[in-house]
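Raw contents of query_31.cif, mmCIF, C-alpha atoms and all ligand atoms:
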```
data_entry
loop_
_atom_site.label_atom_id
_atom_site.label_comp_id
_atom_site.auth_asym_id
_atom_site.auth_seq_id
_atom_site.Cartn_x
_atom_site.Cartn_y
_atom_site.Cartn_z
CA MET A 1 -1.77 65.61 7.25
CA ALA A 2 -5.05 66.70 5.63
CA LYS A 3 -3.13 69.12 3.43
CA GLN A 4 -1.10 66.18 2.12
CA GLY A 5 -4.42 64.52 1.26
CA GLU A 6 -5.37 67.59 -0.81
CA ILE A 7 -1.96 67.57 -2.53
CA ASP A 8 -2.11 63.85 -3.40
CA TYR A 9 -5.79 63.85 -4.40
CA VAL A 10 -5.44 63.85 -8.20
CA ALA A 11 -2.87 61.04 -8.14
CA ARG A 12 -5.27 58.95 -6.06
CA ILE A 13 -8.51 59.45 -7.96
CA GLY A 14 -7.22 57.72 -11.10
CA GLU A 15 -7.60 58.63 -14.77
CA ILE A 16 -11.39 58.79 -14.76
CA GLY A 17 -11.41 61.05 -11.70
CA ALA A 18 -8.77 63.33 -13.20
CA ALA A 19 -10.70 63.52 -16.49
CA HIS A 20 -13.79 64.50 -14.53
CA ALA A 21 -11.87 67.25 -12.68
CA GLN A 22 -10.38 68.51 -15.92
CA GLY A 23 -13.68 68.51 -17.81
CA LYS A 24 -15.66 70.51 -15.23
CA PRO A 25 -18.34 71.78 -15.40
CA PHE A 26 -19.38 69.77 -18.50
CA SER A 27 -18.17 66.44 -17.10
CA ASP A 28 -20.40 66.78 -14.05
CA PRO A 29 -24.07 65.80 -13.76
CA ASP A 30 -24.52 69.02 -11.73
CA CYS A 31 -23.27 71.13 -14.66
CA GLY A 32 -26.42 73.28 -14.72
CA ARG A 33 -26.24 73.99 -10.99
CA MET A 34 -22.53 74.81 -11.20
CA LEU A 35 -23.05 77.24 -14.08
CA ALA A 36 -25.97 78.87 -12.23
CA ASP A 37 -23.72 79.49 -9.21
CA LEU A 38 -20.90 80.80 -11.36
CA GLY A 39 -23.38 83.18 -13.00
CA GLY A 40 -24.22 84.52 -9.54
CA VAL A 41 -20.52 85.05 -8.79
CA PHE A 42 -20.12 87.02 -12.02
CA MET A 43 -23.06 89.23 -11.02
CA ALA A 44 -21.52 89.94 -7.59
CA LEU A 45 -18.04 90.78 -8.87
CA PRO A 46 -16.75 94.26 -9.71
CA PRO A 47 -16.74 94.71 -13.49
CA ALA A 48 -13.87 93.49 -15.67
CA PRO A 49 -11.13 94.38 -16.26
CA ALA A 50 -9.89 93.88 -12.69
CA ARG A 51 -7.36 91.67 -10.94
CA LEU A 52 -9.05 88.53 -9.66
CA LEU A 53 -7.74 85.77 -7.38
CA ASP A 54 -9.44 82.36 -7.83
CA LEU A 55 -8.80 80.47 -4.57
CA GLY A 56 -8.51 76.67 -4.51
CA CYS A 57 -9.14 76.79 -8.26
CA GLY A 58 -8.61 73.04 -8.81
CA SER A 59 -8.49 72.30 -12.54
CA GLY A 60 -9.06 75.99 -13.23
CA TRP A 61 -12.42 75.87 -15.02
CA THR A 62 -13.76 78.88 -13.11
CA SER A 63 -10.45 80.73 -13.74
CA VAL A 64 -10.87 80.19 -17.50
CA PHE A 65 -14.42 81.58 -17.38
CA PHE A 66 -13.19 84.66 -15.45
CA ALA A 67 -10.32 85.20 -17.90
CA ARG A 68 -12.64 84.92 -20.89
CA ARG A 69 -14.78 87.65 -19.36
CA GLY A 70 -11.70 89.92 -19.30
CA TYR A 71 -10.43 89.64 -15.72
CA ASP A 72 -6.70 89.46 -15.14
CA VAL A 73 -6.79 86.16 -13.23
CA THR A 74 -4.47 84.40 -10.83
CA GLY A 75 -5.67 80.88 -10.04
CA GLN A 76 -4.08 79.25 -7.03
CA ASP A 77 -4.25 75.77 -5.52
CA ILE A 78 -2.25 73.75 -3.03
CA ALA A 79 -2.12 70.70 -5.34
CA PRO A 80 0.52 70.76 -8.11
CA ASP A 81 -1.37 68.06 -10.05
CA MET A 82 -4.51 70.22 -10.04
CA ILE A 83 -2.49 73.14 -11.35
CA ALA A 84 -1.10 70.89 -14.12
CA LEU A 85 -4.73 70.19 -15.18
CA ALA A 86 -5.46 73.91 -14.93
CA GLU A 87 -2.49 74.76 -17.17
CA ALA A 88 -3.80 72.30 -19.76
CA ASN A 89 -7.24 73.93 -19.57
CA ARG A 90 -5.66 77.38 -19.96
CA ALA A 91 -3.73 76.25 -23.03
CA ALA A 92 -6.87 74.68 -24.56
CA ALA A 93 -8.82 77.90 -23.99
CA GLY A 94 -6.01 79.98 -25.47
CA VAL A 95 -6.24 82.74 -22.85
CA ASP A 96 -3.15 84.67 -21.79
CA ASN A 97 -4.66 86.90 -19.05
CA LEU A 98 -4.54 83.92 -16.68
CA ALA A 99 -1.67 82.57 -14.54
CA PHE A 100 -1.65 79.72 -12.06
CA THR A 101 0.38 79.28 -8.92
CA VAL A 102 0.82 76.47 -6.41
CA CYS A 103 0.48 77.81 -2.86
CA ASP A 104 -1.54 77.50 0.32
CA TYR A 105 -4.51 79.88 0.60
CA GLU A 106 -3.95 79.97 4.36
CA SER A 107 -0.62 81.78 3.80
CA LEU A 108 -0.84 83.44 0.37
CA GLY A 109 1.94 86.00 0.54
CA PHE A 110 0.10 88.70 -1.50
CA ALA A 111 -0.57 92.20 -0.12
CA ASP A 112 -3.02 94.82 -1.49
CA THR A 113 -2.89 93.14 -4.92
CA PHE A 114 -6.37 92.04 -6.05
CA ASP A 115 -9.65 93.86 -6.77
CA ALA A 116 -11.61 90.65 -6.22
CA ALA A 117 -11.23 87.13 -4.88
CA VAL A 118 -13.46 84.06 -5.16
CA PHE A 119 -13.80 80.91 -3.10
CA TYR A 120 -15.89 78.64 -5.32
CA ASP A 121 -16.39 75.32 -3.48
CA ALA A 122 -12.92 75.50 -1.90
CA LEU A 123 -12.90 77.19 1.54
CA HIS A 124 -14.61 74.17 3.10
CA HIS A 125 -11.35 72.24 2.48
CA ALA A 126 -9.33 74.59 4.71
CA GLU A 127 -7.62 73.22 7.79
CA ASP A 128 -7.85 76.73 9.26
CA PRO A 129 -10.62 78.75 7.54
CA HIS A 130 -9.89 81.80 9.71
CA ALA A 131 -6.27 81.86 8.48
CA ALA A 132 -7.50 81.48 4.89
CA LEU A 133 -9.88 84.44 5.18
CA ALA A 134 -7.21 86.56 6.90
CA SER A 135 -4.76 85.72 4.14
CA VAL A 136 -7.28 86.74 1.45
CA TYR A 137 -8.06 89.96 3.35
CA LYS A 138 -4.40 90.86 3.14
CA ALA A 139 -4.24 89.98 -0.57
CA LEU A 140 -7.15 92.29 -1.48
CA LYS A 141 -6.76 95.97 -2.23
CA PRO A 142 -8.73 98.31 0.07
CA GLY A 143 -12.33 98.13 -1.19
CA GLY A 144 -11.66 94.74 -2.82
CA VAL A 145 -14.48 92.20 -2.91
CA LEU A 146 -14.51 88.57 -1.75
CA VAL A 147 -17.28 86.25 -3.00
CA THR A 148 -17.80 82.79 -1.51
CA ILE A 149 -20.04 79.93 -2.60
CA GLU A 150 -19.55 76.98 -0.26
CA PRO A 151 -21.55 73.98 0.97
CA GLY A 152 -23.37 74.63 4.23
CA VAL A 153 -24.53 72.64 7.23
CA GLY A 154 -24.76 68.91 6.55
CA HIS A 155 -21.86 68.75 4.09
CA ALA A 156 -19.33 67.19 6.49
CA GLU A 157 -21.78 64.44 7.47
CA ALA A 158 -22.88 63.64 3.89
CA GLU A 159 -21.94 60.12 2.78
CA HIS A 160 -19.84 61.31 -0.19
CA SER A 161 -17.88 63.70 2.08
CA LYS A 162 -17.17 61.03 4.67
CA ALA A 163 -16.12 58.66 1.87
CA ALA A 164 -13.68 61.29 0.48
CA VAL A 165 -12.19 61.91 3.93
CA ASP A 166 -11.73 58.15 4.49
CA ALA A 167 -10.36 57.38 1.03
CA PHE A 168 -8.18 60.43 0.36
CA GLY A 169 -7.55 62.09 3.73
CA VAL A 170 -8.90 65.46 2.54
CA THR A 171 -10.76 67.99 4.71
CA GLU A 172 -14.54 68.32 4.30
CA ARG A 173 -16.21 70.90 6.59
CA ASP A 174 -19.57 72.55 6.88
CA MET A 175 -18.97 76.13 5.71
CA PRO A 176 -22.29 77.96 6.14
CA PRO A 177 -22.52 81.71 5.41
CA ARG A 178 -23.16 82.55 9.08
CA ASP A 179 -19.70 81.10 9.99
CA ILE A 180 -17.96 82.82 7.06
CA VAL A 181 -19.51 86.18 8.00
CA ARG A 182 -18.59 85.80 11.69
CA MET A 183 -14.93 85.01 10.90
CA ALA A 184 -14.71 87.66 8.17
CA ARG A 185 -16.08 90.42 10.42
CA ALA A 186 -13.56 89.56 13.13
CA ILE A 187 -10.77 89.90 10.54
CA GLY A 188 -11.96 93.31 9.34
CA PHE A 189 -14.16 92.63 6.30
CA ARG A 190 -17.21 94.90 6.13
CA GLY A 191 -20.50 95.16 4.27
CA ALA A 192 -21.26 91.42 4.56
CA ARG A 193 -24.19 90.36 2.40
CA VAL A 194 -25.66 86.87 2.21
CA TYR A 195 -27.73 85.91 -0.83
CA PRO A 196 -29.35 82.58 -1.69
CA THR A 197 -27.14 80.66 -4.07
CA PRO A 198 -28.44 80.81 -7.66
CA LYS A 199 -28.24 77.01 -7.64
CA MET A 200 -30.77 76.75 -4.79
CA LEU A 201 -33.07 79.32 -6.39
CA ALA A 202 -32.89 77.43 -9.68
CA MET A 203 -33.48 74.06 -7.99
CA ILE A 204 -36.70 75.41 -6.47
CA GLN A 205 -37.82 76.70 -9.87
CA TYR A 206 -36.71 73.93 -12.21
CA GLU A 207 -35.93 70.75 -10.28
CA MET A 208 -39.04 69.79 -8.35
CA PRO A 209 -40.70 67.21 -10.64
CA MET A 210 -43.41 66.39 -8.10
CA LEU A 211 -44.78 69.92 -8.61
CA ALA A 212 -45.54 69.09 -12.27
CA ARG A 213 -48.53 67.08 -11.06
CA LEU A 214 -50.08 70.10 -9.34
CA PRO A 215 -52.11 72.82 -11.04
CA ASP A 216 -49.96 75.73 -12.16
CA TRP A 217 -51.22 78.14 -9.50
CA LEU A 218 -50.50 75.66 -6.70
CA SER A 219 -47.02 74.79 -7.93
CA ASP A 220 -46.25 78.54 -8.16
CA LEU A 221 -47.44 78.95 -4.57
CA VAL A 222 -45.16 76.12 -3.36
CA ARG A 223 -42.23 77.71 -5.24
CA TRP A 224 -42.92 81.07 -3.63
CA GLY A 225 -42.91 79.32 -0.24
CA GLY A 226 -39.60 77.67 -1.07
CA MET A 227 -38.06 80.99 -2.11
CA GLY A 228 -39.29 82.61 1.14
CA TRP A 229 -37.82 79.79 3.21
CA LEU A 230 -34.52 80.19 1.36
CA MET A 231 -34.40 83.99 1.68
CA LEU A 232 -35.49 84.21 5.31
CA VAL A 233 -33.91 81.13 6.87
CA ALA A 234 -31.91 78.69 4.81
CA LYS A 235 -29.44 80.98 3.08
CA ARG A 236 -27.56 81.58 6.35
CA TRP A 237 -26.90 77.94 7.11
CA ARG A 238 -27.37 76.26 3.72
CA GLY A 239 -27.14 77.49 0.19
CA GLY A 240 -25.80 81.00 0.65
CA MET A 241 -23.48 83.16 -1.43
CA VAL A 242 -21.50 85.62 0.70
CA VAL A 243 -20.19 88.95 -0.60
CA LEU A 244 -17.64 90.80 1.58
CA ARG A 245 -15.62 93.98 1.14
CA LYS A 246 -12.20 94.88 2.54
C1 LIG B 301 -13.70 70.75 -4.07
S1 LIG B 301 -12.21 71.26 -4.87
C2 LIG B 301 -12.86 72.63 -5.84
C3 LIG B 301 -11.95 73.06 -6.91
C4 LIG B 301 -12.52 74.15 -7.83
N1 LIG B 301 -12.77 75.38 -7.11
C5 LIG B 301 -13.75 73.66 -8.52
O1 LIG B 301 -14.85 74.19 -8.27
O2 LIG B 301 -13.64 72.74 -9.32
C6 LIG B 301 -11.30 72.10 -3.56
C7 LIG B 301 -9.95 72.59 -4.00
O3 LIG B 301 -9.32 73.29 -2.92
C8 LIG B 301 -7.94 73.00 -2.95
N2 LIG B 301 -7.35 73.26 -1.61
C9 LIG B 301 -7.57 72.59 -0.46
N3 LIG B 301 -6.86 73.14 0.55
C10 LIG B 301 -6.19 74.19 0.02
C11 LIG B 301 -5.28 75.15 0.56
N4 LIG B 301 -4.94 75.14 1.85
N5 LIG B 301 -4.77 76.09 -0.26
C12 LIG B 301 -5.12 76.11 -1.59
N6 LIG B 301 -5.96 75.21 -2.16
C13 LIG B 301 -6.51 74.26 -1.35
C14 LIG B 301 -7.88 71.55 -3.37
O4 LIG B 301 -6.61 71.17 -3.85
C15 LIG B 301 -8.99 71.50 -4.41
O5 LIG B 301 -8.50 71.74 -5.70
#
```
As structure tokens, the full file:
Amino acid sequence: MAKQGEIDYVARIGEIGAAHAQGKPFSDPDCGRMLADLGGVFMALPPAPARLLDLGCGSGWTSVFFARRGYDVTGQDIAPDMIALAEANRAAAGVDNLAFTVCDYESLGFADTFDAAVFYDALHHAEDPHAALASVYKALKPGGVLVTIEPGVGHAEAEHSKAAVDAFGVTERDMPPRDIVRMARAIGFRGARVYPTPKMLAMIQYEMPMLARLPDWLSDLVRWGGMGWLMLVAKRWRGGMVVLRK
């Protein structure tokens, strides 16, 4: 049933919601954070040109960025209406090294095809995250890289997540790096690395207005503390980017 909620989502969010999805990241107040995270994904990926699978790509904004960098991109999503928005974004960007497909990332049907795959804010919608990771493992070539940036502990209980589940019947899970790494290792992925998300690093640096009242040296000290907390503790359960290799 939850998959039907994902499929029907665009039809149910209305014109303003669809325009927001289509205009990402620029339509979103978190544009800066989203671009910071995407920058981190670019830095973790193997260099272009390479075949890249963008999982749960929604309106395809990340796919367009990857294609413009020179990757040969396949964007996939379970929702046909999302893929229609993505096709419009592809046409507007005028890129031809980008194709979209409607399918379920829990049963992709690709084998040894891609050099890289990305879950950007999408794995936490899986009904069966283990099946999704196993399906991506199969789709990657040996040595292929999977990068994930997903919301961590606390996401499922957040008010906006509970509201989305109630209103649209979608899935909203906590998807912390420690869970992704545990499932991925059991499937066969190796070389798991967890990094703080660029967004969280940037928030500590640029989005703590109360620090502006402190002397420079003290605000720097607090930021260093925040970075330490993120690196040593928080990245595994909140705010982590995971890089895995087949
Ligand atoms: C929060 S949206 C993120 C979309 C996009 N990555 C972005 O950042 O804008 C999650 C996306 O995952 C897709 N999705 C959910 N379950 C899926 C599944 N089983 N297979 C493929 N896509 C799925 C949804 O349709 C939706 O577009």
At a cut-off of 9 Å and counting all atoms listed in the file, what residues surround ligand LIG 301 (chain B)? Please answer as a ChimeraX atom specification. /A:2-3,5-10,21-22,24-25,34,54-63,76-83,102-108,118-129,132,170-172
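If you look at atom CA of A:Leu35 and atom CA of A:Phe65, they are 10.2 Å away from each other.
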Two-atom distance - atom CA of A:Pro151, atom CA of A:Met175 (Å): 5.8 Å
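Atom CA of A:Ala167 lies 13.3 Å from atom CA of A:Gly17.
Using only C-alpha atoms, the smallest distance between any of A:Arg245, A:Gly169, A:Arg238, A:Gly225 and A:Phe114 comes from A:Arg245.
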